[in-house]
Amino acid sequence: MRKPIIAGNWKMFKTRDEAINFILQVNDKMPSIDEVDSVICAQFTVLRCLVKRQLNNLRIGAQNMHWAEEGAYTGEVSSSMLKSIGVTYVIIGHSERRAMFNETDESINKKLHKAFEAELSPILCVGESLYERENGLTEQLLEGQLVKDLEGLTKEQVKSLVIAYEPIWAIGTGKTATAQIADETCGFVRSVVEKLYDKETADAIRIQYGGSVKTSNIDELMSMPNIDGALVGGASLKADDFITLVHAAVK
Ligand code: PGA
């Protein structure tokens, strides 16, 4: 039985006051961590103030990190820095970072290795563009990303990994993949993990769907056998919506 995981991805939204206001509203309304992992992935400037206020059933994550331990990388943040302030999750390879900040599967792979070394829980994002979806290239693209992104990771690491399947055409567009498409594709991602590792690993890994998840479609998405949670952008910015989304994940 895989524990569901709902993660909010705040992207470049929320000042310190807005972040504090949000966490004070949701903190004591999160379901038990025994039933669902509820995570907020925020930008670096508010991570510490969220960690300081988080109650037991909420976890705080970052949206990116560098693969090096430390060094002359102006503007970057390391895994140890995140770890040292109490952050537990980190999103790696979001499509916006791949598209706008030149992240490659090679750098994503290095970041995953480093995140595991630092004992952070990575959420790896994969997903196809509209062109790839419409031209029947989705499976080829996803398999290619997974082979490169997971290279060299041990079975134990991959069992504890969270993968967010996020079709790029569904992100921030209001255009959600149908629950069937989302489930089928998450199932495909699981089959690639089985091919690269084994059935035990594929059964253990948690796969989220992401892309215009909202309170009106979360129930249907969560009822699907291959979907273990959601990575939520826009709808995670409103406290009431986030509370509804995490409760929808309680089986
Ligand atoms: P969205 O974003 O929910 O606003 O579509 C999802 C994501 O980019 O993780």
# chains A, B, ... in the order shown; residues from 1 in each chain; ligands from 1
$ residues_around --residues "A:Thr154" --least-positions-apart "6" --cutoff "12 Å" --atoms "only C-alpha atoms" --output "NGL selection string"
:A and (112-113 or 116-117 or 160-161 or 193 or 196-198 or 201)
$ closest_atom_pairs --of "chain A" --to "ligand 1" --cutoff "9 Å" --atoms "only C-alpha atoms and all ligand atoms" --output "tab-separated table"
residue	atom	partner	partner_atom_place_in_ligand_line	distance
A:Ala7	CA	ligand 1	9 (O)	8.7
A:Gly8	CA	ligand 1	9 (O)	7.6
A:Asn9	CA	ligand 1	9 (O)	5.6
A:Trp10	CA	ligand 1	9 (O)	8.4
A:Lys11	CA	ligand 1	8 (O)	7.8
A:His94	CA	ligand 1	8 (O)	7.1
A:Ser95	CA	ligand 1	8 (O)	7.4
A:Glu96	CA	ligand 1	8 (O)	7.4
A:Cys125	CA	ligand 1	9 (O)	8.3
A:Ala164	CA	ligand 1	9 (O)	8.2
A:Glu166	CA	ligand 1	9 (O)	7.0
A:Ile168	CA	ligand 1	8 (O)	8.1
A:Trp169	CA	ligand 1	5 (O)	8.9
A:Ala170	CA	ligand 1	5 (O)	6.0
A:Ile171	CA	ligand 1	5 (O)	3.4
A:Gly172	CA	ligand 1	5 (O)	3.5
A:Thr173	CA	ligand 1	5 (O)	6.3
A:Gly174	CA	ligand 1	5 (O)	6.8
A:Lys175	CA	ligand 1	5 (O)	8.2
A:Thr176	CA	ligand 1	5 (O)	7.9
A:Tyr209	CA	ligand 1	9 (O)	8.9
A:Gly210	CA	ligand 1	6 (C)	5.1
A:Gly211	CA	ligand 1	5 (O)	3.7
A:Ser212	CA	ligand 1	5 (O)	3.5
A:Val213	CA	ligand 1	3 (O)	5.1
A:Lys214	CA	ligand 1	3 (O)	7.2
A:Ala230	CA	ligand 1	9 (O)	8.5
A:Leu231	CA	ligand 1	9 (O)	5.1
A:Val232	CA	ligand 1	3 (O)	4.1
A:Gly233	CA	ligand 1	3 (O)	3.4
A:Gly234	CA	ligand 1	4 (O)	3.8
A:Ala235	CA	ligand 1	3 (O)	6.1
A:Ser236	CA	ligand 1	3 (O)	7.6
$ write_last_selection --atoms "N, CA, C and O atoms" --output "compact mmCIF listing (two decimals), in the first residue's frame"
# COMPACT_ATOMS: atom_id res chain seq x y z
N ALA A 7 1.76 17.50 -2.88
CA ALA A 7 2.77 18.55 -2.72
C ALA A 7 2.33 19.81 -3.45
O ALA A 7 1.96 19.75 -4.63
N GLY A 8 2.36 20.92 -2.75
CA GLY A 8 2.10 22.20 -3.38
C GLY A 8 3.40 22.73 -3.94
O GLY A 8 4.46 22.61 -3.31
N ASN A 9 3.35 23.26 -5.15
CA ASN A 9 4.53 23.89 -5.75
C ASN A 9 4.18 25.38 -5.92
O ASN A 9 3.45 25.73 -6.83
N TRP A 10 4.70 26.18 -5.01
CA TRP A 10 4.34 27.61 -5.02
C TRP A 10 5.01 28.40 -6.14
O TRP A 10 4.68 29.56 -6.36
N LYS A 11 5.99 27.82 -6.81
CA LYS A 11 6.73 28.54 -7.86
C LYS A 11 7.22 29.89 -7.33
O LYS A 11 7.60 29.97 -6.18
N HIS A 94 11.78 20.19 -12.59
CA HIS A 94 10.47 20.69 -13.02
C HIS A 94 10.56 21.17 -14.48
O HIS A 94 11.59 21.72 -14.89
N SER A 95 9.50 21.01 -15.23
CA SER A 95 9.56 21.35 -16.67
C SER A 95 9.86 22.83 -16.89
O SER A 95 10.45 23.20 -17.91
N GLU A 96 9.46 23.69 -15.93
CA GLU A 96 9.80 25.11 -16.10
C GLU A 96 11.30 25.32 -15.97
O GLU A 96 11.89 26.17 -16.64
N CYS A 125 10.41 15.46 -11.57
CA CYS A 125 9.36 15.75 -12.54
C CYS A 125 9.75 15.28 -13.94
O CYS A 125 10.86 15.53 -14.40
N ALA A 164 6.83 12.88 -10.24
CA ALA A 164 5.65 13.63 -10.64
C ALA A 164 5.55 13.58 -12.16
O ALA A 164 6.42 14.12 -12.85
N GLU A 166 4.09 15.12 -15.14
CA GLU A 166 3.43 16.39 -15.43
C GLU A 166 3.48 16.69 -16.93
O GLU A 166 4.51 17.19 -17.43
N ILE A 168 3.44 18.77 -19.95
CA ILE A 168 3.71 20.22 -20.00
C ILE A 168 2.49 20.99 -20.48
O ILE A 168 2.20 22.09 -20.01
N TRP A 169 1.72 20.36 -21.38
CA TRP A 169 0.54 21.03 -21.94
C TRP A 169 -0.57 21.20 -20.91
O TRP A 169 -1.55 21.91 -21.14
N ALA A 170 -0.44 20.57 -19.76
CA ALA A 170 -1.49 20.67 -18.73
C ALA A 170 -1.09 21.60 -17.59
O ALA A 170 -1.89 21.88 -16.70
N ILE A 171 0.17 22.09 -17.61
CA ILE A 171 0.65 22.90 -16.50
C ILE A 171 0.20 24.35 -16.64
O ILE A 171 0.54 25.01 -17.61
N GLY A 172 -0.58 24.80 -15.67
CA GLY A 172 -1.00 26.20 -15.63
C GLY A 172 -1.90 26.60 -16.78
O GLY A 172 -2.15 27.78 -17.01
N THR A 173 -2.43 25.62 -17.51
CA THR A 173 -3.24 25.93 -18.68
C THR A 173 -4.73 25.73 -18.40
O THR A 173 -5.56 26.10 -19.21
N GLY A 174 -5.04 25.12 -17.27
CA GLY A 174 -6.43 24.81 -16.97
C GLY A 174 -6.87 23.54 -17.69
O GLY A 174 -7.98 23.04 -17.52
N LYS A 175 -5.97 23.00 -18.53
CA LYS A 175 -6.26 21.83 -19.35
C LYS A 175 -5.72 20.59 -18.64
O LYS A 175 -4.57 20.22 -18.81
N THR A 176 -6.51 19.96 -17.79
CA THR A 176 -6.02 18.77 -17.09
C THR A 176 -6.06 17.59 -18.05
O THR A 176 -6.96 17.49 -18.87
N TYR A 209 0.44 12.77 -10.19
CA TYR A 209 0.08 13.48 -11.43
C TYR A 209 0.16 14.97 -11.12
O TYR A 209 -0.17 15.41 -10.01
N GLY A 210 0.59 15.77 -12.10
CA GLY A 210 0.59 17.22 -11.93
C GLY A 210 0.19 17.90 -13.22
O GLY A 210 0.51 17.43 -14.32
N GLY A 211 -0.50 19.02 -13.10
CA GLY A 211 -0.95 19.79 -14.27
C GLY A 211 -2.42 20.14 -14.10
O GLY A 211 -3.29 19.30 -14.32
N SER A 212 -2.66 21.38 -13.65
CA SER A 212 -4.04 21.87 -13.44
C SER A 212 -4.87 20.98 -12.52
O SER A 212 -6.07 20.80 -12.74
N VAL A 213 -4.22 20.46 -11.49
CA VAL A 213 -4.98 19.74 -10.46
C VAL A 213 -5.71 20.78 -9.62
O VAL A 213 -5.13 21.80 -9.24
N LYS A 214 -6.97 20.55 -9.35
CA LYS A 214 -7.75 21.47 -8.53
C LYS A 214 -8.77 20.72 -7.70
O LYS A 214 -8.90 19.50 -7.84
N ALA A 230 -0.57 14.17 -5.97
CA ALA A 230 -0.55 15.25 -6.96
C ALA A 230 0.52 16.27 -6.61
O ALA A 230 0.82 16.51 -5.43
N LEU A 231 1.11 16.85 -7.67
CA LEU A 231 1.97 18.02 -7.52
C LEU A 231 1.13 19.19 -8.05
O LEU A 231 0.72 19.18 -9.22
N VAL A 232 0.87 20.14 -7.18
CA VAL A 232 -0.15 21.15 -7.48
C VAL A 232 0.46 22.55 -7.48
O VAL A 232 1.04 22.98 -6.47
N GLY A 233 0.32 23.26 -8.58
CA GLY A 233 0.80 24.64 -8.66
C GLY A 233 -0.26 25.60 -8.18
O GLY A 233 -0.48 25.79 -6.98
N GLY A 234 -0.96 26.21 -9.13
CA GLY A 234 -1.94 27.26 -8.85
C GLY A 234 -2.86 27.02 -7.67
O GLY A 234 -3.01 27.88 -6.79
N ALA A 235 -3.44 25.82 -7.61
CA ALA A 235 -4.44 25.55 -6.56
C ALA A 235 -3.81 25.38 -5.18
O ALA A 235 -4.53 25.35 -4.17
N SER A 236 -2.48 25.30 -5.11
CA SER A 236 -1.86 25.15 -3.79
C SER A 236 -1.61 26.51 -3.13
O SER A 236 -1.14 26.59 -2.00
$ residues_around --residues "A:Asn56" --least-positions-apart "6" --cutoff "9 Å" --atoms "only C-alpha atoms" --output "VMD selection string"
chain A and resid 27 to 28 30 32 to 33
$ residues_around --residues "A:Lys251" --least-positions-apart "4" --cutoff "12 Å" --atoms "only C-alpha atoms" --output "list in words"
Met1, Arg2, Lys3, Pro4, Ile5, Pro31, Ser32, Asp34, Glu35, Val36, Asp219, Met222, Ser223, Met224, Pro225, Asp228, Gly229, Val246 and His247 of chain A
$ residues_around --residues "A:Ser216" --least-positions-apart "3" --cutoff "10 Å" --atoms "only C-alpha atoms" --output "PDB file with C-alpha atoms, in the first residue's frame"
ATOM      1  CA  VAL A 213      -4.979  19.740 -10.458  1.00  0.00           C
ATOM      2  CA  ASP A 219     -11.234  13.044  -6.324  1.00  0.00           C
ATOM      3  CA  GLU A 220     -11.330  11.461  -9.751  1.00  0.00           C
ATOM      4  CA  LEU A 221      -7.549  11.599 -10.132  1.00  0.00           C
ATOM      5  CA  ASP A 241      -7.990  24.673  -1.622  1.00  0.00           C
ATOM      6  CA  THR A 244      -9.343  20.271   0.447  1.00  0.00           C
ATOM      7  CA  LEU A 245      -6.707  18.687  -1.817  1.00  0.00           C
TER       8      LEU A 245
END
$ atom_distance --atom1 "atom CA of A:Ala248" --atom2 "atom CA of A:Phe22"
19.0 Å
$ closest_residue --among "A:Ala115, A:Val39, A:Ile205, A:Leu47" --to "A:Glu69" --atoms "only C-alpha atoms"
A:Ala115
$ closest_residue --among "A:Leu142, A:Val250, A:Ile227, A:Ile218" --to "A:Glu128" --atoms "only C-alpha atoms"
A:Leu142
$ select_by_dssp --residues "stretch 6-151 of chain A" --states "alpha helix (DSSP H)" --output "MDAnalysis selection string"
chainID A and resid 16:26 44:53 79:84 95:100 105:117 130:134 138:149
$ residues_around --residues "A:Ile60" --least-positions-apart "5" --cutoff "6 Å" --atoms "only C-alpha atoms" --output "MDAnalysis selection string"
chainID A and resid 39:41 87
$ write_last_selection --atoms "C-alpha atoms" --output "compact mmCIF listing (two decimals), in the first residue's frame"
# COMPACT_ATOMS: atom_id res chain seq x y z
CA VAL A 39 4.17 19.04 1.53
CA ILE A 40 4.60 22.70 0.60
CA CYS A 41 7.47 23.42 -1.81
CA VAL A 87 13.76 21.27 4.72
$ select_by_dssp --residues "stretch 11-250 of chain A" --states "strand (DSSP E or B)" --output "NGL selection string"
:A and (37-41 or 58-62 or 89-92 or 121-126 or 162-165 or 206-210 or 229-232)
$ decode --residues "stretch 22-40 of chain A" --atoms "N, CA, C and O atoms" --output "PDB file, in the first residue's frame"
ATOM      1  N   PHE A  22      -0.451  31.854   5.125  1.00  0.00           N
ATOM      2  CA  PHE A  22      -0.903  30.561   4.585  1.00  0.00           C
ATOM      3  C   PHE A  22      -0.682  29.448   5.609  1.00  0.00           C
ATOM      4  O   PHE A  22      -1.595  28.686   5.926  1.00  0.00           O
ATOM      5  N   ILE A  23       0.534  29.364   6.130  1.00  0.00           N
ATOM      6  CA  ILE A  23       0.834  28.214   7.000  1.00  0.00           C
ATOM      7  C   ILE A  23       0.009  28.280   8.292  1.00  0.00           C
ATOM      8  O   ILE A  23      -0.428  27.252   8.818  1.00  0.00           O
ATOM      9  N   LEU A  24      -0.264  29.480   8.768  1.00  0.00           N
ATOM     10  CA  LEU A  24      -1.075  29.585   9.981  1.00  0.00           C
ATOM     11  C   LEU A  24      -2.511  29.110   9.718  1.00  0.00           C
ATOM     12  O   LEU A  24      -3.170  28.583  10.605  1.00  0.00           O
ATOM     13  N   GLN A  25      -2.956  29.244   8.485  1.00  0.00           N
ATOM     14  CA  GLN A  25      -4.309  28.777   8.160  1.00  0.00           C
ATOM     15  C   GLN A  25      -4.393  27.265   7.979  1.00  0.00           C
ATOM     16  O   GLN A  25      -5.409  26.660   8.279  1.00  0.00           O
ATOM     17  N   VAL A  26      -3.335  26.661   7.442  1.00  0.00           N
ATOM     18  CA  VAL A  26      -3.451  25.231   7.098  1.00  0.00           C
ATOM     19  C   VAL A  26      -2.889  24.287   8.167  1.00  0.00           C
ATOM     20  O   VAL A  26      -3.310  23.135   8.263  1.00  0.00           O
ATOM     21  N   ASN A  27      -1.935  24.786   8.947  1.00  0.00           N
ATOM     22  CA  ASN A  27      -1.146  23.955   9.851  1.00  0.00           C
ATOM     23  C   ASN A  27      -1.921  22.889  10.628  1.00  0.00           C
ATOM     24  O   ASN A  27      -1.610  21.709  10.548  1.00  0.00           O
ATOM     25  N   ASP A  28      -2.941  23.309  11.368  1.00  0.00           N
ATOM     26  CA  ASP A  28      -3.638  22.330  12.217  1.00  0.00           C
ATOM     27  C   ASP A  28      -4.789  21.650  11.476  1.00  0.00           C
ATOM     28  O   ASP A  28      -5.558  20.913  12.063  1.00  0.00           O
ATOM     29  N   LYS A  29      -4.869  21.889  10.165  1.00  0.00           N
ATOM     30  CA  LYS A  29      -5.941  21.246   9.393  1.00  0.00           C
ATOM     31  C   LYS A  29      -5.416  20.153   8.466  1.00  0.00           C
ATOM     32  O   LYS A  29      -6.146  19.586   7.668  1.00  0.00           O
ATOM     33  N   MET A  30      -4.143  19.842   8.597  1.00  0.00           N
ATOM     34  CA  MET A  30      -3.566  18.799   7.744  1.00  0.00           C
ATOM     35  C   MET A  30      -3.959  17.418   8.282  1.00  0.00           C
ATOM     36  O   MET A  30      -3.968  17.201   9.481  1.00  0.00           O
ATOM     37  N   PRO A  31      -4.258  16.466   7.379  1.00  0.00           N
ATOM     38  CA  PRO A  31      -4.548  15.107   7.844  1.00  0.00           C
ATOM     39  C   PRO A  31      -3.294  14.477   8.446  1.00  0.00           C
ATOM     40  O   PRO A  31      -2.188  14.959   8.226  1.00  0.00           O
ATOM     41  N   SER A  32      -3.468  13.403   9.173  1.00  0.00           N
ATOM     42  CA  SER A  32      -2.340  12.755   9.831  1.00  0.00           C
ATOM     43  C   SER A  32      -1.299  12.300   8.817  1.00  0.00           C
ATOM     44  O   SER A  32      -1.629  11.771   7.752  1.00  0.00           O
ATOM     45  N   ILE A  33      -0.042  12.475   9.192  1.00  0.00           N
ATOM     46  CA  ILE A  33       1.045  12.064   8.310  1.00  0.00           C
ATOM     47  C   ILE A  33       1.094  10.539   8.156  1.00  0.00           C
ATOM     48  O   ILE A  33       1.724  10.008   7.256  1.00  0.00           O
ATOM     49  N   ASP A  34       0.375   9.826   9.014  1.00  0.00           N
ATOM     50  CA  ASP A  34       0.278   8.369   8.827  1.00  0.00           C
ATOM     51  C   ASP A  34      -0.583   8.037   7.619  1.00  0.00           C
ATOM     52  O   ASP A  34      -0.486   6.957   7.051  1.00  0.00           O
ATOM     53  N   GLU A  35      -1.448   8.974   7.239  1.00  0.00           N
ATOM     54  CA  GLU A  35      -2.376   8.706   6.130  1.00  0.00           C
ATOM     55  C   GLU A  35      -1.934   9.333   4.810  1.00  0.00           C
ATOM     56  O   GLU A  35      -2.190   8.793   3.742  1.00  0.00           O
ATOM     57  N   VAL A  36      -1.353  10.528   4.885  1.00  0.00           N
ATOM     58  CA  VAL A  36      -0.947  11.218   3.664  1.00  0.00           C
ATOM     59  C   VAL A  36       0.241  12.139   3.966  1.00  0.00           C
ATOM     60  O   VAL A  36       0.316  12.729   5.047  1.00  0.00           O
ATOM     61  N   ASP A  37       1.161  12.228   3.025  1.00  0.00           N
ATOM     62  CA  ASP A  37       2.259  13.191   3.161  1.00  0.00           C
ATOM     63  C   ASP A  37       1.796  14.505   2.535  1.00  0.00           C
ATOM     64  O   ASP A  37       1.475  14.552   1.347  1.00  0.00           O
ATOM     65  N   SER A  38       1.751  15.559   3.343  1.00  0.00           N
ATOM     66  CA  SER A  38       1.349  16.891   2.866  1.00  0.00           C
ATOM     67  C   SER A  38       2.592  17.768   2.854  1.00  0.00           C
ATOM     68  O   SER A  38       3.254  17.932   3.877  1.00  0.00           O
ATOM     69  N   VAL A  39       2.896  18.318   1.692  1.00  0.00           N
ATOM     70  CA  VAL A  39       4.167  19.039   1.529  1.00  0.00           C
ATOM     71  C   VAL A  39       3.921  20.387   0.844  1.00  0.00           C
ATOM     72  O   VAL A  39       3.133  20.469  -0.097  1.00  0.00           O
ATOM     73  N   ILE A  40       4.601  21.415   1.309  1.00  0.00           N
ATOM     74  CA  ILE A  40       4.602  22.701   0.602  1.00  0.00           C
ATOM     75  C   ILE A  40       6.025  22.946   0.085  1.00  0.00           C
ATOM     76  O   ILE A  40       6.978  22.977   0.871  1.00  0.00           O
TER      77      ILE A  40
END
